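*Asks:* Take this structure, written in structure tokens, and hold onto it; I'll ask about it next.
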Amino acid sequence: MSATAAVPAPIVRPLWQGRAWVLIGIVLSAFTLRTAVTSLTPLLDALGREFGFGSTMTGVFGMVPTAAFALFGVATPALAHRIGLERAALLAMAMAALGLLARAFVGSTGQLLIASALALAGMGIGNVVLPPLVKRYFADRVGTVSTAYITVLQLGTILPALAAVPLAQAAGWRTSLGSWSLVAVAAALPWITVLWMEARGRSAQARALARAHDDAVCVGDEAPELSAPAATTAPGRVWRSPVAWGMALMFGMTSLVTYSMFTWLPKLLIEAGGSPALGGSMVALFSTLGMISALCMPALAVRIANPFPIVIACMLAYLGGFAGLLLAPMHLTFLWVGLIGLGPSTFPLSLTLINLRTRTPAGSAALSGFMQGLGYTLSCLGPLLFGWLHDLSHGWVWPFAMLGACLVVLLVGGRLACKPRMLEDSW
């Protein structure tokens, strides 16, 4: 028996021991990812009077979220590969907190736009890194954890829309906008803890390996490896996969419709005779219906081989809601907004399919970046085009016709995305 047999093997602290902190980080980060959007849109009419901007700039504010998400959807996979998913998540929350806080101190339209862009850039990074973090830490619970974080994401969309106008009336619009930075700060803390645990674990492992190495050298046996090469997966060209293109089209058209509604639903209802509070509450209702799909969709997606019938049902819900808002916006408003709120069920479906259509965390990160980068690029002109068509036609028929055309593209993308196959098999 070799003398080194008496040397105990180094104890390596597994990443799984930090799963609780990772789960907290994922949930709090998910809550943060839409606060910059729905805390602003109910106040755009009042901010337009404050800073002197009109419908065109309102459309620009509606376009900024998707533009930022598109840019950082493309850039984030390389960033995450360079600094790691956990550090990317921490960076995302830090940028979001800084941008959200800065919005409380702006003095002009340009400053408000820059602060919003900074917050949304952080949220764009967060959009991309959360799915591969689920894949890495919770591969055995993809459906459950996806349900949790998508539900909380929807909650983070609803509450700012509900609270924006009451907070502004009670404490001013600056407090209403800046208060959400506290959530982003809270979301950063678990990632700091995860990184500290990782650094401590690596340090302990390195010391244990060094002691084993020294003991082995003393007895003349072969020294153990001080580091093991990480397993790698050969990268593919994600844009070659029909899965990726289908996901991008489905996700992009869903986002285009969603952000057009976030931006213009309050304005549509105000022009029809409603109040700003009604506009804010309808944005909240629109977001609340997303909670239902967030709770149900991941569980359905993991059980249905081809969920394309869900995409068809979503398109029909959209069409019914659009027709109601166009023809009778102040009659059965809750019903029309409710139908439109069920339409974006393709959003949690897309996020769940990221992990169901990939084999590895690397594939998940690549698909997440491509889907969100291209998807948000396709959708970023939606709110601006919707407003431009409204100004051009002095009505809402042309804007809704544009959204109807986008639904056809969504249907085509859904067909490609839902077909049972894996990204890595075709990239």
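By order in the structure tokens, chains are A, B, ...; within a chain, residues start at 1; ligands start at 1, following the order shown.
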Using only C-alpha atoms, determine which residues lie at most 8 Å from range 93-97 of chain A, disregarding the query and same-chain residues fewer than 4 positions distant; provide the list as a PyMOL selection string.
*Replies:* chain A and resi 29+32+89+101+118-123+126+180-185+187-188
*Asks:* Those residues with C-alpha atoms, as a CSV table (one decimal), in the first residue's frame please?
*Replies:*
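Saved file result14.csv follows:
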chain,number,residue,atom,x,y,z
A,29,SER,CA,-33.3,39.6,-9.7
A,32,THR,CA,-36.2,43.7,-10.6
A,89,ALA,CA,-25.8,38.8,-12.4
A,101,LEU,CA,-31.8,55.7,-8.3
A,118,LEU,CA,-28.6,52.5,-17.6
A,119,ALA,CA,-31.2,50.7,-15.5
A,120,LEU,CA,-32.5,48.8,-18.5
A,121,ALA,CA,-29.0,47.8,-19.6
A,122,GLY,CA,-28.5,46.0,-16.2
A,123,MET,CA,-31.9,44.4,-16.7
A,126,GLY,CA,-30.2,39.9,-16.1
A,180,TRP,CA,-37.5,50.7,-6.9
A,181,SER,CA,-33.7,51.0,-6.6
A,182,LEU,CA,-34.0,49.4,-3.2
A,183,VAL,CA,-35.2,46.2,-4.7
A,184,ALA,CA,-32.2,46.1,-7.1
A,185,VAL,CA,-29.9,46.6,-4.1
A,187,ALA,CA,-31.2,41.5,-5.4
A,188,ALA,CA,-27.4,42.2,-5.5
*Asks:* Nearest residue to Trp245 in chain A out of A:Leu374, A:Ala365, A:Ala284, A:Cys380, using only C-alpha atoms?
*Replies:*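 Between A:Leu374, A:Ala365, A:Ala284, A:Cys380, the residue approaching Trp245 in chain A most closely is A:Leu374.
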*Asks:* Hey, what's within 8 Å of Gly369 in chain A if we count only C-alpha atoms and toss same-chain stuff fewer than 4 positions away? As a ChimeraX atom specification, please?
*Replies:* /A:73-77,128,365,373
*Asks:* For each of A:Pro361, A:Gly320, A:Pro348, A:Pro298, take the minimum atom-to-atom distance to Tyr137 in chain A, counting only C-alpha atoms, then give the residue where this is smallest.
*Replies:* A:Pro361
*Asks:* I want to know what sits within 8 Å of Ala115 in chain A, based on only C-alpha atoms, with residues of the same chain fewer than 5 positions away left out; could you give that as a list in words?
*Replies:*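 So, after excluding close chain neighbours, the residues are Gly99, Leu100, Ala102, Arg103 and Val106 of chain A.
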*Asks:* Would you save the residues from that selection as a PDB file, in the first residue's frame, using N, CA and C atoms?
*Replies:*
ATOM      1  N   GLY A  99     -29.134  53.037 -12.082  1.00  0.00           N
ATOM      2  CA  GLY A  99     -30.013  53.724 -13.021  1.00  0.00           C
ATOM      3  C   GLY A  99     -31.355  54.098 -12.413  1.00  0.00           C
ATOM      4  N   LEU A 100     -31.942  53.179 -11.638  1.00  0.00           N
ATOM      5  CA  LEU A 100     -33.225  53.468 -11.003  1.00  0.00           C
ATOM      6  C   LEU A 100     -33.103  54.608 -10.008  1.00  0.00           C
ATOM      7  N   ALA A 102     -30.819  57.020 -10.107  1.00  0.00           N
ATOM      8  CA  ALA A 102     -30.522  58.251 -10.844  1.00  0.00           C
ATOM      9  C   ALA A 102     -31.781  58.897 -11.400  1.00  0.00           C
ATOM     10  N   ARG A 103     -32.799  58.103 -11.725  1.00  0.00           N
ATOM     11  CA  ARG A 103     -34.028  58.668 -12.282  1.00  0.00           C
ATOM     12  C   ARG A 103     -34.731  59.606 -11.300  1.00  0.00           C
ATOM     13  N   VAL A 106     -33.169  63.392 -11.950  1.00  0.00           N
ATOM     14  CA  VAL A 106     -32.998  63.968 -13.285  1.00  0.00           C
ATOM     15  C   VAL A 106     -33.679  65.322 -13.374  1.00  0.00           C
TER      16      VAL A 106
END
*Asks:* Hey, what's within 9 Å of range 384-399 of chain A if we count only C-alpha atoms and toss same-chain stuff fewer than 3 positions away? As an mmCIF file with C-alpha atoms, in the first residue's frame, please?
*Replies:*
data_model
loop_
_atom_site.group_PDB
_atom_site.id
_atom_site.type_symbol
_atom_site.label_atom_id
_atom_site.label_comp_id
_atom_site.auth_asym_id
_atom_site.auth_seq_id
_atom_site.Cartn_x
_atom_site.Cartn_y
_atom_site.Cartn_z
ATOM 1 C CA SER A 55 -46.072 61.469 -28.365
ATOM 2 C CA THR A 56 -42.859 60.902 -30.312
ATOM 3 C CA MET A 57 -40.704 60.988 -27.181
ATOM 4 C CA THR A 58 -43.249 58.796 -25.399
ATOM 5 C CA GLY A 59 -42.660 56.288 -28.189
ATOM 6 C CA VAL A 60 -38.906 56.619 -27.671
ATOM 7 C CA PHE A 61 -39.285 55.815 -23.965
ATOM 8 C CA GLY A 62 -41.317 52.807 -25.008
ATOM 9 C CA MET A 63 -38.568 51.738 -27.408
ATOM 10 C CA SER A 260 -46.509 48.589 -27.266
ATOM 11 C CA TRP A 264 -49.714 53.110 -25.238
ATOM 12 C CA LEU A 268 -55.445 54.935 -25.538
ATOM 13 C CA LEU A 326 -60.384 49.299 -31.078
ATOM 14 C CA CYS A 380 -37.707 47.661 -30.260
ATOM 15 C CA LEU A 381 -39.387 49.732 -32.984
ATOM 16 C CA MET A 402 -49.473 46.610 -37.473
ATOM 17 C CA LEU A 403 -49.799 44.458 -34.349
ATOM 18 C CA GLY A 404 -52.019 42.038 -36.271
#
*Asks:* For range 330-335 of chain A, work out the shell of residues within 12 Å, counting only C-alpha atoms and skipping chain neighbours fewer than 3 positions away, then give it as a PyMOL selection string.
*Replies:* chain A and resi 265-266+268-275+278-279+281-286+288-289+317-318+320-327+338-342
*Asks:* Restrict the selected residues to N, CA and C atoms and save them as a JSON list (two decimals), in the first residue's frame.
*Replies:*
[["chain", "number", "residue", "atom", "x", "y", "z"],
["A", 265, "LEU", "N", -51.22, 51.74, -23.89],
["A", 265, "LEU", "CA", -52.53, 51.43, -23.31],
["A", 265, "LEU", "C", -53.06, 52.56, -22.44],
["A", 266, "PRO", "N", -52.24, 53.16, -21.54],
["A", 266, "PRO", "CA", -52.77, 54.30, -20.77],
["A", 266, "PRO", "C", -53.22, 55.45, -21.67],
["A", 268, "LEU", "N", -54.24, 55.33, -24.81],
["A", 268, "LEU", "CA", -55.45, 54.93, -25.54],
["A", 268, "LEU", "C", -56.68, 55.12, -24.66],
["A", 269, "LEU", "N", -56.59, 54.70, -23.40],
["A", 269, "LEU", "CA", -57.75, 54.79, -22.52],
["A", 269, "LEU", "C", -58.03, 56.23, -22.11],
["A", 270, "ILE", "N", -56.98, 57.03, -21.93],
["A", 270, "ILE", "CA", -57.18, 58.45, -21.59],
["A", 270, "ILE", "C", -57.86, 59.17, -22.75],
["A", 271, "GLU", "N", -57.44, 58.90, -23.98],
["A", 271, "GLU", "CA", -58.08, 59.53, -25.14],
["A", 271, "GLU", "C", -59.52, 59.07, -25.31],
["A", 272, "ALA", "N", -59.83, 57.87, -24.82],
["A", 272, "ALA", "CA", -61.20, 57.36, -24.91],
["A", 272, "ALA", "C", -62.09, 57.89, -23.79],
["A", 273, "GLY", "N", -61.51, 58.67, -22.84],
["A", 273, "GLY", "CA", -62.29, 59.25, -21.76],
["A", 273, "GLY", "C", -61.96, 58.72, -20.39],
["A", 274, "GLY", "N", -60.98, 57.85, -20.27],
["A", 274, "GLY", "CA", -60.60, 57.31, -18.98],
["A", 274, "GLY", "C", -59.65, 58.22, -18.23],
["A", 275, "SER", "N", -59.33, 57.86, -17.00],
["A", 275, "SER", "CA", -58.42, 58.64, -16.15],
["A", 275, "SER", "C", -57.02, 58.03, -16.17],
["A", 278, "LEU", "N", -56.98, 54.90, -14.22],
["A", 278, "LEU", "CA", -57.50, 53.76, -14.96],
["A", 278, "LEU", "C", -56.42, 53.18, -15.87],
["A", 279, "GLY", "N", -55.67, 54.08, -16.54],
["A", 279, "GLY", "CA", -54.59, 53.60, -17.39],
["A", 279, "GLY", "C", -53.58, 52.78, -16.63],
["A", 281, "SER", "N", -54.04, 51.19, -13.75],
["A", 281, "SER", "CA", -54.63, 49.94, -13.26],
["A", 281, "SER", "C", -54.80, 48.92, -14.38],
["A", 282, "MET", "N", -55.04, 49.40, -15.61],
["A", 282, "MET", "CA", -55.18, 48.47, -16.72],
["A", 282, "MET", "C", -53.81, 47.90, -17.13],
["A", 283, "VAL", "N", -52.74, 48.70, -17.01],
["A", 283, "VAL", "CA", -51.40, 48.15, -17.22],
["A", 283, "VAL", "C", -51.12, 47.08, -16.17],
["A", 284, "ALA", "N", -51.55, 47.35, -14.93],
["A", 284, "ALA", "CA", -51.37, 46.35, -13.87],
["A", 284, "ALA", "C", -52.18, 45.09, -14.15],
["A", 285, "LEU", "N", -53.43, 45.25, -14.64],
["A", 285, "LEU", "CA", -54.23, 44.08, -14.99],
["A", 285, "LEU", "C", -53.59, 43.30, -16.12],
["A", 286, "PHE", "N", -53.13, 44.02, -17.13],
["A", 286, "PHE", "CA", -52.43, 43.40, -18.25],
["A", 286, "PHE", "C", -51.25, 42.56, -17.75],
["A", 288, "THR", "N", -50.94, 41.44, -14.57],
["A", 288, "THR", "CA", -51.41, 40.43, -13.64],
["A", 288, "THR", "C", -51.80, 39.14, -14.35],
["A", 289, "LEU", "N", -52.41, 39.29, -15.52],
["A", 289, "LEU", "CA", -52.79, 38.08, -16.26],
["A", 289, "LEU", "C", -51.56, 37.27, -16.64],
["A", 317, "ALA", "N", -56.47, 35.05, -28.42],
["A", 317, "ALA", "CA", -56.74, 35.96, -27.30],
["A", 317, "ALA", "C", -56.32, 37.39, -27.67],
["A", 318, "TYR", "N", -55.14, 37.53, -28.27],
["A", 318, "TYR", "CA", -54.69, 38.84, -28.74],
["A", 318, "TYR", "C", -55.73, 39.48, -29.67],
["A", 320, "GLY", "N", -58.92, 38.97, -30.10],
["A", 320, "GLY", "CA", -60.14, 39.39, -29.42],
["A", 320, "GLY", "C", -59.96, 40.67, -28.62],
["A", 321, "GLY", "N", -58.85, 40.78, -27.91],
["A", 321, "GLY", "CA", -58.58, 41.98, -27.12],
["A", 321, "GLY", "C", -58.35, 43.20, -28.00],
["A", 322, "PHE", "N", -57.61, 43.03, -29.09],
["A", 322, "PHE", "CA", -57.37, 44.16, -30.00],
["A", 322, "PHE", "C", -58.69, 44.69, -30.56],
["A", 323, "ALA", "N", -59.56, 43.76, -30.99],
["A", 323, "ALA", "CA", -60.84, 44.17, -31.57],
["A", 323, "ALA", "C", -61.68, 44.94, -30.54],
["A", 324, "GLY", "N", -61.69, 44.48, -29.30],
["A", 324, "GLY", "CA", -62.45, 45.17, -28.26],
["A", 324, "GLY", "C", -61.93, 46.56, -27.97],
["A", 325, "LEU", "N", -60.60, 46.70, -27.82],
["A", 325, "LEU", "CA", -60.03, 48.02, -27.54],
["A", 325, "LEU", "C", -60.23, 48.98, -28.71],
["A", 326, "LEU", "N", -60.22, 48.45, -29.90],
["A", 326, "LEU", "CA", -60.38, 49.30, -31.08],
["A", 326, "LEU", "C", -61.83, 49.77, -31.23],
["A", 327, "LEU", "N", -62.79, 48.88, -30.99],
["A", 327, "LEU", "CA", -64.19, 49.20, -31.27],
["A", 327, "LEU", "C", -64.94, 49.76, -30.06],
["A", 338, "GLY", "N", -57.99, 41.92, -20.33],
["A", 338, "GLY", "CA", -57.75, 40.56, -19.85],
["A", 338, "GLY", "C", -57.34, 39.62, -20.98],
["A", 339, "LEU", "N", -58.01, 39.74, -22.12],
["A", 339, "LEU", "CA", -57.65, 38.91, -23.27],
["A", 339, "LEU", "C", -56.23, 39.22, -23.75],
["A", 340, "ILE", "N", -55.91, 40.51, -23.83],
["A", 340, "ILE", "CA", -54.56, 40.88, -24.25],
["A", 340, "ILE", "C", -53.53, 40.41, -23.21],
["A", 341, "GLY", "N", -53.93, 40.39, -21.94],
["A", 341, "GLY", "CA", -53.02, 39.91, -20.89],
["A", 341, "GLY", "C", -52.73, 38.43, -20.97],
["A", 342, "LEU", "N", -53.66, 37.65, -21.54],
["A", 342, "LEU", "CA", -53.41, 36.22, -21.72],
["A", 342, "LEU", "C", -52.54, 35.95, -22.95]]
*Asks:* Considering only C-alpha atoms, can you say which of A:Leu295, A:Gly124, A:Ala362, A:Leu23 comes closest to Arg141 in chain A?
*Replies:*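 Ranked by minimum distance to Arg141 in chain A, first place goes to A:Leu23.
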*Asks:* What gap, in Å, lies between CA of Phe370 in chain A and CA of Arg19 in chain A?
*Replies:*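 For CA of Phe370 in chain A relative to CA of Arg19 in chain A, the distance reads 26.6 Å.
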*Asks:* Just want the 7 Å neighbourhood of Val243 in chain A, counted on only C-alpha atoms, with same-chain residues fewer than 6 positions away dropped. Output as a ChimeraX atom specification.
*Replies:* /A:416-417,423
*Asks:* From the DSSP assignment of the backbone, select every residue of range 81-285 of chain A that is alpha helix (DSSP H), and format the answer as a compact mmCIF listing (two decimals) with C-alpha atoms, in the first residue's frame.
*Replies:*
# COMPACT_ATOMS: atom_id res chain seq x y z
CA HIS A 81 -18.28 33.62 -20.54
CA ARG A 82 -15.56 36.08 -19.54
CA ILE A 83 -16.56 36.93 -15.97
CA LEU A 85 -22.74 33.96 -14.78
CA GLU A 86 -22.79 34.91 -11.11
CA ARG A 87 -20.62 38.01 -11.56
CA ALA A 88 -22.72 39.00 -14.57
CA ALA A 89 -25.85 38.75 -12.40
CA LEU A 90 -24.24 40.97 -9.76
CA LEU A 91 -23.20 43.51 -12.39
CA ALA A 92 -26.75 43.51 -13.75
CA MET A 93 -28.28 44.34 -10.38
CA ALA A 94 -25.67 47.02 -9.66
CA MET A 95 -26.38 48.78 -12.96
CA ALA A 96 -30.14 48.49 -12.39
CA ALA A 97 -29.89 49.98 -8.90
CA LEU A 98 -27.75 52.89 -10.09
CA GLY A 99 -30.01 53.72 -13.02
CA LEU A 100 -33.23 53.47 -11.00
CA LEU A 101 -31.80 55.72 -8.29
CA ALA A 102 -30.52 58.25 -10.84
CA THR A 109 -35.80 64.56 -20.75
CA GLY A 110 -32.27 63.59 -21.84
CA GLN A 111 -31.18 62.79 -18.29
CA LEU A 112 -34.31 60.70 -17.72
CA LEU A 113 -33.56 58.82 -20.92
CA ILE A 114 -29.92 58.15 -19.94
CA ALA A 115 -30.81 57.00 -16.41
CA SER A 116 -33.52 54.72 -17.76
CA ALA A 117 -31.10 53.29 -20.33
CA LEU A 118 -28.55 52.47 -17.60
CA ALA A 119 -31.16 50.67 -15.48
CA LEU A 120 -32.47 48.81 -18.51
CA ALA A 121 -28.96 47.80 -19.58
CA GLY A 122 -28.54 46.03 -16.25
CA MET A 123 -31.92 44.40 -16.66
CA GLY A 124 -30.96 43.31 -20.18
CA ILE A 125 -27.96 41.46 -18.73
CA GLY A 126 -30.21 39.90 -16.10
CA ASN A 127 -32.67 38.72 -18.76
CA VAL A 128 -29.98 36.61 -20.41
CA VAL A 129 -28.13 35.17 -17.41
CA LEU A 130 -31.10 33.92 -15.38
CA PRO A 131 -32.08 30.97 -17.66
CA PRO A 132 -28.54 29.48 -17.78
CA LEU A 133 -28.24 29.99 -14.01
CA VAL A 134 -31.40 27.88 -13.64
CA LYS A 135 -29.85 25.29 -15.99
CA ARG A 136 -26.56 25.22 -14.04
CA TYR A 137 -27.89 25.03 -10.49
CA VAL A 142 -36.13 23.33 -14.37
CA GLY A 143 -39.93 23.49 -14.46
CA THR A 144 -40.34 24.38 -10.79
CA VAL A 145 -37.64 27.05 -10.65
CA SER A 146 -38.70 28.49 -14.01
CA THR A 147 -42.25 28.82 -12.66
CA ALA A 148 -40.93 30.59 -9.55
CA TYR A 149 -38.75 33.14 -11.28
CA ILE A 150 -41.15 33.87 -14.16
CA THR A 151 -43.99 34.36 -11.65
CA VAL A 152 -41.89 36.76 -9.60
CA LEU A 153 -40.87 38.56 -12.81
CA GLN A 154 -44.55 39.11 -13.54
CA LEU A 155 -45.09 40.31 -9.97
CA GLY A 156 -42.27 42.80 -10.51
CA THR A 157 -44.13 43.99 -13.59
CA ILE A 158 -47.48 44.40 -11.83
CA LEU A 159 -46.59 46.16 -8.58
CA PRO A 160 -44.73 49.14 -10.08
CA ALA A 161 -47.63 49.77 -12.48
CA LEU A 162 -50.13 49.69 -9.60
CA ALA A 163 -48.00 51.83 -7.29
CA ALA A 164 -46.62 54.41 -9.75
CA VAL A 165 -49.51 56.90 -9.79
CA PRO A 166 -50.47 56.60 -6.07
CA LEU A 167 -46.82 56.99 -5.04
CA ALA A 168 -46.40 60.00 -7.32
CA GLN A 169 -49.55 61.61 -5.93
CA ALA A 170 -48.47 60.97 -2.33
CA ALA A 171 -44.72 61.68 -2.47
CA TRP A 173 -42.81 61.37 -9.15
CA ARG A 174 -39.15 61.36 -8.10
CA THR A 175 -39.87 59.12 -5.11
CA SER A 176 -42.16 56.99 -7.25
CA LEU A 177 -39.38 56.35 -9.77
CA GLY A 178 -36.41 56.10 -7.40
CA SER A 181 -33.68 50.98 -6.64
CA LEU A 182 -34.00 49.42 -3.16
CA VAL A 183 -35.23 46.18 -4.73
CA ALA A 184 -32.22 46.06 -7.06
CA VAL A 185 -29.85 46.60 -4.12
CA ALA A 186 -31.55 43.73 -2.26
CA ALA A 187 -31.18 41.54 -5.37
CA ALA A 188 -27.43 42.21 -5.50
CA LEU A 189 -26.78 40.92 -1.97
CA PRO A 190 -27.34 37.18 -2.63
CA TRP A 191 -24.92 37.27 -5.57
CA ILE A 192 -22.28 38.88 -3.36
CA THR A 193 -22.84 36.02 -0.90
CA VAL A 194 -22.63 33.37 -3.65
CA LEU A 195 -19.37 34.81 -4.97
CA TRP A 196 -17.92 35.01 -1.45
CA MET A 197 -18.86 31.37 -0.82
CA GLU A 198 -17.32 30.39 -4.14
CA ALA A 199 -14.08 32.23 -3.38
CA ARG A 200 -13.88 30.70 0.09
CA GLY A 201 -14.57 27.23 -1.30
CA ARG A 202 -11.88 27.59 -3.97
CA SER A 203 -9.42 28.86 -1.39
CA ALA A 204 -10.11 25.88 0.90
CA GLN A 205 -9.82 23.47 -2.02
CA ALA A 206 -6.52 25.01 -3.12
CA ARG A 207 -5.08 24.70 0.40
CA ALA A 208 -6.21 21.06 0.67
CA LEU A 209 -4.70 20.21 -2.72
CA ALA A 210 -1.46 21.97 -1.77
CA ARG A 211 -1.20 19.94 1.45
CA ALA A 212 -1.87 16.71 -0.46
CA HIS A 213 0.76 17.74 -3.03
CA ASP A 214 3.38 18.43 -0.32
CA ASP A 215 2.64 15.14 1.48
CA ALA A 216 2.93 13.22 -1.77
CA VAL A 217 6.24 14.87 -2.60
CA CYS A 218 7.58 14.03 0.86
CA VAL A 219 6.89 10.32 0.40
CA PRO A 242 -34.22 26.78 -36.84
CA VAL A 243 -34.91 26.35 -33.12
CA ALA A 244 -33.07 29.61 -32.41
CA TRP A 245 -34.81 31.51 -35.20
CA GLY A 246 -38.22 30.27 -34.13
CA MET A 247 -37.56 31.24 -30.52
CA ALA A 248 -36.33 34.69 -31.57
CA LEU A 249 -39.38 35.37 -33.75
CA MET A 250 -41.87 34.16 -31.15
CA PHE A 251 -40.15 36.02 -28.33
CA GLY A 252 -39.59 39.15 -30.41
CA MET A 253 -43.19 39.52 -31.55
CA THR A 254 -44.46 38.83 -28.02
CA SER A 255 -42.18 41.58 -26.72
CA LEU A 256 -43.22 43.99 -29.48
CA VAL A 257 -46.90 43.63 -28.59
CA THR A 258 -46.22 43.70 -24.84
CA TYR A 259 -44.13 46.88 -24.85
CA SER A 260 -46.51 48.59 -27.27
CA MET A 261 -49.28 47.93 -24.75
CA PHE A 262 -47.16 48.98 -21.76
CA THR A 263 -46.45 52.28 -23.51
CA TRP A 264 -49.71 53.11 -25.24
CA LEU A 265 -52.53 51.43 -23.31
CA PRO A 266 -52.77 54.30 -20.77
CA LYS A 267 -52.79 56.88 -23.60
CA LEU A 268 -55.45 54.93 -25.54
CA LEU A 269 -57.75 54.79 -22.52
CA ILE A 270 -57.18 58.45 -21.59
CA GLU A 271 -58.08 59.53 -25.14
CA PRO A 276 -54.65 58.24 -15.64
CA ALA A 277 -55.42 55.97 -12.67
CA LEU A 278 -57.50 53.76 -14.96
CA GLY A 279 -54.59 53.60 -17.39
CA GLY A 280 -52.21 52.53 -14.63
CA SER A 281 -54.63 49.94 -13.26
CA MET A 282 -55.18 48.47 -16.72
CA VAL A 283 -51.40 48.15 -17.22
CA ALA A 284 -51.37 46.35 -13.87
CA LEU A 285 -54.23 44.08 -14.99
